[in-house]
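Participant: Got a structure for you, query.tsv, holding TSV, C-alpha atoms.
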chain	number	residue	atom	x	y	z
A	609	MET	CA	109.98	62.44	7.66
A	610	ASN	CA	109.35	64.81	10.54
A	611	ARG	CA	111.24	65.33	13.78
A	612	GLU	CA	109.43	62.63	15.75
A	613	GLN	CA	109.79	60.04	13.00
A	614	PHE	CA	113.47	60.84	12.61
A	615	LEU	CA	114.21	60.57	16.33
A	616	LYS	CA	112.14	57.42	16.67
A	617	SER	CA	113.81	55.56	13.83
A	618	LEU	CA	117.24	56.76	14.95
A	619	ALA	CA	116.53	55.39	18.44
A	620	ASP	CA	115.38	52.10	16.92
A	621	GLU	CA	118.55	51.77	14.87
A	622	LEU	CA	120.85	52.44	17.82
A	623	GLY	CA	120.08	49.04	19.33
A	624	SER	CA	123.65	48.02	20.19
A	625	MET	CA	124.38	51.13	22.21
A	626	THR	CA	123.94	51.36	25.96
A	627	PRO	CA	120.80	53.30	26.98
A	628	ARG	CA	123.04	56.11	28.23
A	629	GLU	CA	124.95	56.42	24.96
A	630	ARG	CA	121.71	56.29	23.01
A	631	GLU	CA	120.13	59.01	25.11
A	632	ASP	CA	123.24	61.14	24.59
A	633	VAL	CA	122.99	60.78	20.81
A	634	LEU	CA	119.26	61.51	20.81
A	635	ALA	CA	119.79	64.56	23.02
A	636	ASP	CA	122.28	65.87	20.45
A	637	TYR	CA	119.73	65.56	17.69
A	638	ARG	CA	116.93	67.05	19.79
A	639	GLU	CA	119.13	70.04	20.45
A	640	TYR	CA	119.95	70.31	16.76
A	641	PHE	CA	116.28	70.23	15.81
A	642	ALA	CA	115.44	72.84	18.45
A	643	ASP	CA	118.15	75.18	17.14
A	644	ALA	CA	117.20	74.62	13.52
A	645	LEU	CA	113.51	75.25	14.20
A	646	ALA	CA	114.43	78.40	16.10
A	647	ALA	CA	116.36	79.48	13.00
A	648	GLY	CA	113.12	79.19	11.04
A	649	ARG	CA	113.63	75.88	9.27
A	650	SER	CA	110.94	73.21	9.00
A	651	ASP	CA	111.53	69.94	10.81
A	652	THR	CA	111.08	67.85	7.65
A	653	ASP	CA	113.76	69.93	5.96
A	654	VAL	CA	116.14	69.37	8.88
A	655	ALA	CA	115.41	65.64	9.02
A	656	LYS	CA	116.15	65.43	5.32
A	657	ALA	CA	119.41	67.34	5.70
A	658	LEU	CA	120.53	65.13	8.58
A	659	GLY	CA	120.17	62.06	6.42
A	660	ALA	CA	118.65	58.60	6.62
A	661	PRO	CA	118.65	57.37	10.24
A	662	LYS	CA	119.91	53.90	9.40
A	663	PRO	CA	123.34	54.66	7.87
A	664	LEU	CA	123.69	57.50	10.35
A	665	ALA	CA	123.05	55.12	13.25
A	666	GLN	CA	125.59	52.67	11.86
A	667	LEU	CA	128.25	55.36	11.67
A	668	LEU	CA	127.53	56.49	15.22
A	669	GLN	CA	127.54	52.93	16.51
A	670	THR	CA	130.83	52.14	14.82
A	671	GLU	CA	132.33	55.22	16.42
A	672	SER	CA	131.03	54.11	19.79
A	673	ARG	CA	132.51	50.63	19.25
A	674	ILE	CA	135.88	52.18	18.41
A	675	LYS	CA	135.66	54.22	21.58
A	676	ARG	CA	134.75	51.21	23.69
A	677	TRP	CA	137.61	49.19	22.24
A	678	GLN	CA	140.05	52.02	22.93
A	679	ASP	CA	138.87	52.24	26.52
A	680	GLN	CA	138.78	48.49	27.13
A	681	PRO	CA	140.74	46.47	24.58
A	682	THR	CA	139.19	43.08	25.36
A	683	PRO	CA	138.46	40.22	22.96
A	684	LYS	CA	134.76	41.09	23.30
A	685	SER	CA	135.09	44.74	22.35
A	686	PHE	CA	137.48	43.67	19.58
A	687	ALA	CA	134.91	41.28	18.14
A	688	GLN	CA	132.20	43.93	18.45
A	689	LEU	CA	134.36	46.43	16.59
A	690	CYS	CA	135.01	43.95	13.77
A	691	TRP	CA	131.32	43.16	13.52
A	692	ALA	CA	130.31	46.83	13.46
A	693	VAL	CA	132.76	47.56	10.65
A	694	LEU	CA	131.56	44.60	8.60
A	695	ARG	CA	127.95	45.62	9.20
A	696	LEU	CA	128.53	49.13	7.94
A	697	GLY	CA	128.15	47.73	4.49
A	698	PHE	CA	130.72	50.06	3.02
A	699	VAL	CA	133.37	47.39	3.08
A	700	ASN	CA	133.93	47.32	-0.64
A	701	LEU	CA	134.89	44.36	-2.77
A	702	LEU	CA	138.56	45.23	-2.67
A	703	ALA	CA	138.79	45.63	1.09
A	704	LEU	CA	136.57	42.73	2.10
A	705	PRO	CA	138.97	39.91	1.10
A	706	ILE	CA	141.84	41.78	2.78
A	707	ILE	CA	139.92	42.25	6.04
A	708	VAL	CA	138.49	38.73	6.06
A	709	GLY	CA	141.89	37.31	5.08
A	710	MET	CA	143.70	39.19	7.82
A	711	GLY	CA	141.02	38.28	10.35
A	712	GLY	CA	141.30	34.62	9.32
A	713	ALA	CA	145.09	34.71	9.54
A	714	LEU	CA	144.77	36.19	13.01
A	715	ILE	CA	142.41	33.43	14.14
A	716	GLY	CA	144.85	30.89	12.67
A	717	CYS	CA	147.74	32.47	14.57
A	718	PHE	CA	145.80	32.29	17.84
A	719	ALA	CA	144.93	28.65	17.13
A	720	ALA	CA	148.63	27.96	16.51
A	721	ALA	CA	149.51	29.54	19.84
A	722	CYS	CA	146.92	27.37	21.60
A	723	GLY	CA	148.28	24.35	19.75
A	724	LEU	CA	151.83	25.09	20.89
A	725	ILE	CA	150.74	25.47	24.50
A	726	LEU	CA	148.61	22.31	24.41
A	727	GLY	CA	151.29	20.30	22.61
A	728	GLY	CA	153.97	21.53	24.99
A	729	SER	CA	151.80	20.60	27.95
A	730	ALA	CA	151.33	17.12	26.54
A	731	LEU	CA	155.10	16.70	26.10
A	732	THR	CA	155.73	17.92	29.63
A	733	LEU	CA	153.10	15.61	31.09
A	734	ALA	CA	154.59	12.67	29.16
A	735	ILE	CA	157.16	12.34	31.94
A	736	VAL	CA	154.43	11.25	34.36
A	737	PRO	CA	153.89	7.55	33.65
A	738	GLU	CA	150.31	7.59	35.01
A	739	PHE	CA	149.14	9.81	32.14
A	740	GLN	CA	150.37	7.25	29.62
A	741	ILE	CA	151.24	9.92	27.11
A	742	GLY	CA	154.85	8.80	26.93
A	743	GLN	CA	154.02	5.88	24.69
A	744	TYR	CA	152.96	8.28	21.94
A	745	VAL	CA	156.18	10.30	22.08
A	746	THR	CA	159.21	9.06	20.22
A	747	VAL	CA	162.28	11.05	19.27
A	748	ASP	CA	163.85	9.24	16.42
A	749	VAL	CA	167.03	10.51	14.80
A	750	ALA	CA	168.32	8.54	11.82
A	751	GLY	CA	166.72	5.36	13.07
A	752	ILE	CA	168.16	5.65	16.57
A	753	ASP	CA	165.55	6.02	19.29
A	754	LEU	CA	166.52	8.97	21.44
A	755	THR	CA	163.35	9.13	23.49
A	756	GLU	CA	164.35	10.14	26.97
A	757	PRO	CA	161.58	11.30	29.34
A	758	ARG	CA	163.48	14.21	30.87
A	759	SER	CA	164.61	15.69	27.57
A	760	VAL	CA	161.07	15.32	26.24
A	761	MET	CA	159.83	17.30	29.24
A	762	VAL	CA	162.41	20.04	28.74
A	763	ALA	CA	161.42	20.21	25.09
A	764	GLY	CA	157.78	20.43	26.21
A	765	ILE	CA	158.51	23.41	28.45
A	766	GLY	CA	160.33	25.03	25.55
A	767	VAL	CA	157.31	24.55	23.29
A	768	ILE	CA	154.99	26.03	25.97
A	769	CYS	CA	157.22	29.09	26.25
A	770	ALA	CA	157.25	29.48	22.47
A	771	GLY	CA	153.44	29.27	22.54
A	772	ILE	CA	153.16	31.96	25.21
A	773	VAL	CA	155.52	34.29	23.36
A	774	TRP	CA	153.60	33.69	20.16
A	775	LEU	CA	150.35	34.45	22.01
A	776	PHE	CA	151.69	37.81	23.15
A	777	ILE	CA	152.82	38.61	19.61
A	778	ASN	CA	149.31	37.75	18.42
A	779	VAL	CA	147.68	40.06	20.96
A	780	ARG	CA	149.90	42.84	19.64
A	781	LEU	CA	148.97	41.93	16.06
A	782	ALA	CA	145.27	41.96	16.97
A	783	LYS	CA	145.66	45.45	18.41
A	784	TRP	CA	147.28	46.68	15.23
A	785	PHE	CA	144.56	45.04	13.21
A	786	ALA	CA	141.83	46.74	15.27
A	787	ARG	CA	143.59	50.08	15.03
A	788	GLY	CA	143.80	49.69	11.26
A	789	LEU	CA	140.15	48.70	11.13
A	790	ALA	CA	139.19	51.79	13.14
A	791	SER	CA	141.17	54.08	10.84
A	792	TYR	CA	139.65	52.38	7.84
A	793	ALA	CA	136.13	52.81	9.23
A	794	ARG	CA	136.73	56.49	9.93
A	795	LEU	CA	138.28	57.03	6.53
A	796	ASN	CA	135.22	55.57	4.91
A	797	ILE	CA	132.80	57.70	6.87
A	798	SER	CA	133.64	60.58	4.56
A	799	ALA	CA	134.23	58.68	1.36
A	800	VAL	CA	130.96	56.79	1.43
A	801	LYS	CA	128.87	59.52	2.95
A	802	ASP	CA	128.12	61.13	-0.37
A	803	GLU	CA	127.20	57.87	-2.01
A	804	LEU	CA	124.87	56.70	0.73
A	805	PRO	CA	121.25	57.52	0.06
A	806	LEU	CA	121.26	59.86	3.01
A	807	ASN	CA	118.59	62.10	1.67
A	808	ARG	CA	115.94	59.48	1.33
B	658	MET	CA	141.90	67.77	0.41
B	659	SER	CA	138.83	65.69	1.01
B	660	ASN	CA	135.55	67.23	1.98
B	661	LYS	CA	135.72	65.58	5.37
B	662	ASN	CA	139.07	67.15	6.12
B	663	ALA	CA	137.66	70.50	5.04
B	664	LEU	CA	134.78	70.14	7.48
B	665	GLU	CA	137.03	68.87	10.25
B	666	MET	CA	139.35	71.81	9.73
B	667	CYS	CA	136.42	74.19	9.63
B	668	LEU	CA	135.00	72.88	12.92
B	669	LEU	CA	138.38	72.92	14.67
B	670	ALA	CA	139.18	76.39	13.37
B	671	GLN	CA	135.89	77.71	14.75
B	672	LEU	CA	136.53	76.08	18.10
B	673	ALA	CA	140.00	77.61	18.15
B	674	GLU	CA	138.25	80.99	18.14
B	675	SER	CA	135.66	80.17	20.78
B	676	ASP	CA	133.60	77.28	22.14
B	677	GLY	CA	130.46	76.52	20.22
B	678	TYR	CA	127.45	74.25	19.91
B	679	ALA	CA	126.61	71.92	17.05
B	680	TYR	CA	124.06	73.99	15.15
B	681	GLN	CA	126.16	77.12	15.36
B	682	LEU	CA	129.24	75.25	14.14
B	683	ALA	CA	127.27	73.72	11.29
B	684	SER	CA	125.73	77.03	10.17
B	685	VAL	CA	129.08	78.78	10.10
B	686	ALA	CA	130.65	75.82	8.28
B	687	ALA	CA	127.83	75.95	5.71
B	688	LYS	CA	128.93	79.44	4.73
B	689	THR	CA	132.41	78.38	3.67
B	690	ILE	CA	132.07	74.80	2.48
B	691	THR	CA	129.44	72.58	0.92
B	692	LEU	CA	128.09	71.07	4.07
B	693	ARG	CA	126.32	67.80	4.52
B	694	GLU	CA	124.70	68.34	7.87
B	695	GLY	CA	124.48	64.62	8.54
B	696	VAL	CA	128.26	64.39	8.80
B	697	VAL	CA	128.55	66.97	11.56
B	698	TYR	CA	127.59	64.79	14.52
B	699	PRO	CA	129.53	61.67	13.52
B	700	LEU	CA	132.56	63.88	13.01
B	701	LEU	CA	132.11	65.75	16.30
B	702	ARG	CA	131.79	62.43	18.14
B	703	ARG	CA	134.99	61.22	16.55
B	704	LEU	CA	136.81	64.38	17.56
B	705	VAL	CA	135.53	63.92	21.12
B	706	ASN	CA	136.60	60.25	21.15
B	707	GLU	CA	140.05	61.24	19.93
B	708	SER	CA	140.22	63.86	22.72
B	709	HIS	CA	140.75	66.66	20.23
B	710	VAL	CA	137.59	68.26	21.57
B	711	SER	CA	135.73	68.05	24.88
B	712	THR	CA	132.12	68.82	25.72
B	713	TYR	CA	130.17	70.46	28.50
B	714	LEU	CA	126.49	71.17	28.97
B	715	VAL	CA	125.02	74.61	29.45
B	716	GLU	CA	121.45	75.00	30.66
B	717	SER	CA	119.45	77.06	28.24
B	718	ALA	CA	116.49	79.25	29.04
B	719	SER	CA	114.44	77.74	26.25
B	720	GLY	CA	114.44	74.04	25.54
B	721	PRO	CA	117.00	71.36	26.38
B	722	PRO	CA	120.50	72.09	27.69
B	723	ARG	CA	123.05	72.80	25.02
B	724	LYS	CA	126.19	70.79	24.50
B	725	PHE	CA	129.18	73.04	23.94
B	726	TYR	CA	132.38	71.89	22.33
B	727	ARG	CA	135.81	73.08	23.43
B	728	LEU	CA	139.11	72.62	21.63
B	729	GLU	CA	141.74	70.66	23.56
B	730	SER	CA	145.50	70.83	23.13
B	731	SER	CA	145.63	67.76	20.90
B	732	GLY	CA	142.97	69.42	18.75
B	733	VAL	CA	145.22	72.44	18.30
B	734	THR	CA	147.95	70.12	17.02
B	735	ARG	CA	145.44	68.35	14.78
B	736	LEU	CA	144.28	71.67	13.33
B	737	ALA	CA	147.85	72.73	12.62
B	738	ARG	CA	148.48	69.45	10.83
B	739	LEU	CA	145.32	69.82	8.76
B	740	ARG	CA	146.29	73.34	7.82
B	741	HIS	CA	149.81	72.42	6.87
B	742	PRO	CA	149.85	68.86	5.62
B	743	ARG	CA	153.32	67.63	4.83
B	744	GLY	CA	154.32	68.24	1.25
B	745	GLU	CA	151.34	70.40	0.42
B	746	PRO	CA	151.34	74.13	-0.05
B	747	VAL	CA	149.62	76.12	2.67
B	748	LEU	CA	146.07	76.92	1.57
B	749	PRO	CA	144.18	79.89	2.85
B	750	GLN	CA	141.46	78.83	5.25
B	751	GLY	CA	138.18	77.91	3.62
B	752	ALA	CA	139.79	77.63	0.21
B	753	PRO	CA	137.76	75.71	-2.34
B	754	THR	CA	138.71	72.07	-2.36
Could you express the structure from this file as structure tokens?

Facilitator:
Amino acid sequence: MNREQFLKSLADELGSMTPREREDVLADYREYFADALAAGRSDTDVAKALGAPKPLAQLLQTESRIKRWQDQPTPKSFAQLCWAVLRLGFVNLLALPIIVGMGGALIGCFAAACGLILGGSALTLAIVPEFQIGQYVTVDVAGIDLTEPRSVMVAGIGVICAGIVWLFINVRLAKWFARGLASYARLNISAVKDELPLNR
Amino acid sequence: MSNKNALEMCLLAQLAESDGYAYQLASVAAKTITLREGVVYPLLRRLVNESHVSTYLVESASGPPRKFYRLESSGVTRLARLRHPRGEPVLPQGAPT
């Protein structure tokens, strides 16, 4: 593989980056090639030493995802980070169930928060007769019907608050999860590097 | 110490002396440690993202402008921590790992 082939396939593999980021990466490698050639090395030798463009591009993209998530911790950048880490392919058999399990638990927690907020809203709205939700709500203690619209509404507000608090806790958990994922990805950059067929 | 930490330490130590560009950093690193050149850029990008290192461009007479790397204060702290990890004896710089 010569310089042009290396740069071309690197550019092709950097699909998920913004054009600006991609140009920045390619400029780095152009500079490196220029310096190496000036030092008397052949471009095929340098391309070989730099490694296979594909795993290289994945590493660089993961790093850029981590950066984007740090700058703007949104659900979108979070999802992109998770996807980039999974795509790296170095997620080994031991770590995969842990990551997928934790990710699943996180989704479950968010669903629970939504459920609490929705359920609480339903209880609160039960006080309005027009919605006709009240007929589905019964508070039954030891066979005595204690259903009282106002107390049901107060309970509903309580459930909504619990849901909102739980949602905030989940956002915090998601941030920890992403931070852990980023550290894990960076840790693996070195560990897997030697095993990747970089010199193809 | 892992190879990556050795390279990271090597890059930071060089930048502590003076600013440098990628190829220069890599060639000097290659003299002291077994260097996989492919790791240099991913690692440099990480150091930049973590604000341990910053970059600036310098126009060069021949060819494209060069990106220089400069050590930032958090990088100095990072280097000190790499050199003296807790619970490990202090190794001379560039010691075999």

Participant: Restrict the distance test to all atoms listed in the file, flag each residue of chain B within 7 Å of chain A, and return the flagged residues as a list of chain:residue names.

Facilitator: B:Lys661, B:Ala679, B:Tyr680, B:Glu694, B:Gly695, B:Pro699, B:Arg703, B:Asn706, B:Pro721, B:Arg723

Participant: So that I have them on file, write out the residues from the current selection with C-alpha atoms, as a JSON list (two decimals), in the coordinates of the input.

Facilitator:
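Below you can see result.json, which holds the result:
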[["chain", "number", "residue", "atom", "x", "y", "z"],
["B", 661, "LYS", "CA", 135.72, 65.58, 5.37],
["B", 679, "ALA", "CA", 126.61, 71.92, 17.05],
["B", 680, "TYR", "CA", 124.06, 73.99, 15.15],
["B", 694, "GLU", "CA", 124.70, 68.34, 7.87],
["B", 695, "GLY", "CA", 124.48, 64.62, 8.54],
["B", 699, "PRO", "CA", 129.53, 61.67, 13.52],
["B", 703, "ARG", "CA", 134.99, 61.22, 16.55],
["B", 706, "ASN", "CA", 136.60, 60.25, 21.15],
["B", 721, "PRO", "CA", 117.00, 71.36, 26.38],
["B", 723, "ARG", "CA", 123.05, 72.80, 25.02]]

Participant: Taking (150.0, 25.3, 24.4) as a centre in this file's frame and 9 Å as the limit, can you find every polymer residue with an atom that close, using all atoms listed in the file, and give them as a count of residues only?

Facilitator: 17

Participant: For a cutoff of 12 Å around the file-coordinate point (136.9, 75.9, 15.6), which residues qualify once you count only C-alpha atoms? I'd like the result as an NGL selection string.

Facilitator: :B and (663-679 or 681-683 or 685-686 or 701 or 704 or 709-710 or 725-729 or 732-733 or 735-737 or 750)

Participant: Please indicate the distance in Å from atom CA of A:Leu615 to atom CA of A:Ala790, rounded to one decimal place.

Facilitator: 26.7 Å

Participant: Work out how far atom CA of B:Glu707 is from atom CA of B:His741, in Å to one decimal.

Facilitator: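 Going from atom CA of B:His741 over to atom CA of B:Glu707 covers 19.8 Å.
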
Participant: What does the structure give for the distance between atom CA of A:Asp653 and atom CA of B:Leu700, in Å to one decimal?

Facilitator: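 If I compute the distance from atom CA of A:Asp653 to atom CA of B:Leu700, I get 21.0 Å.
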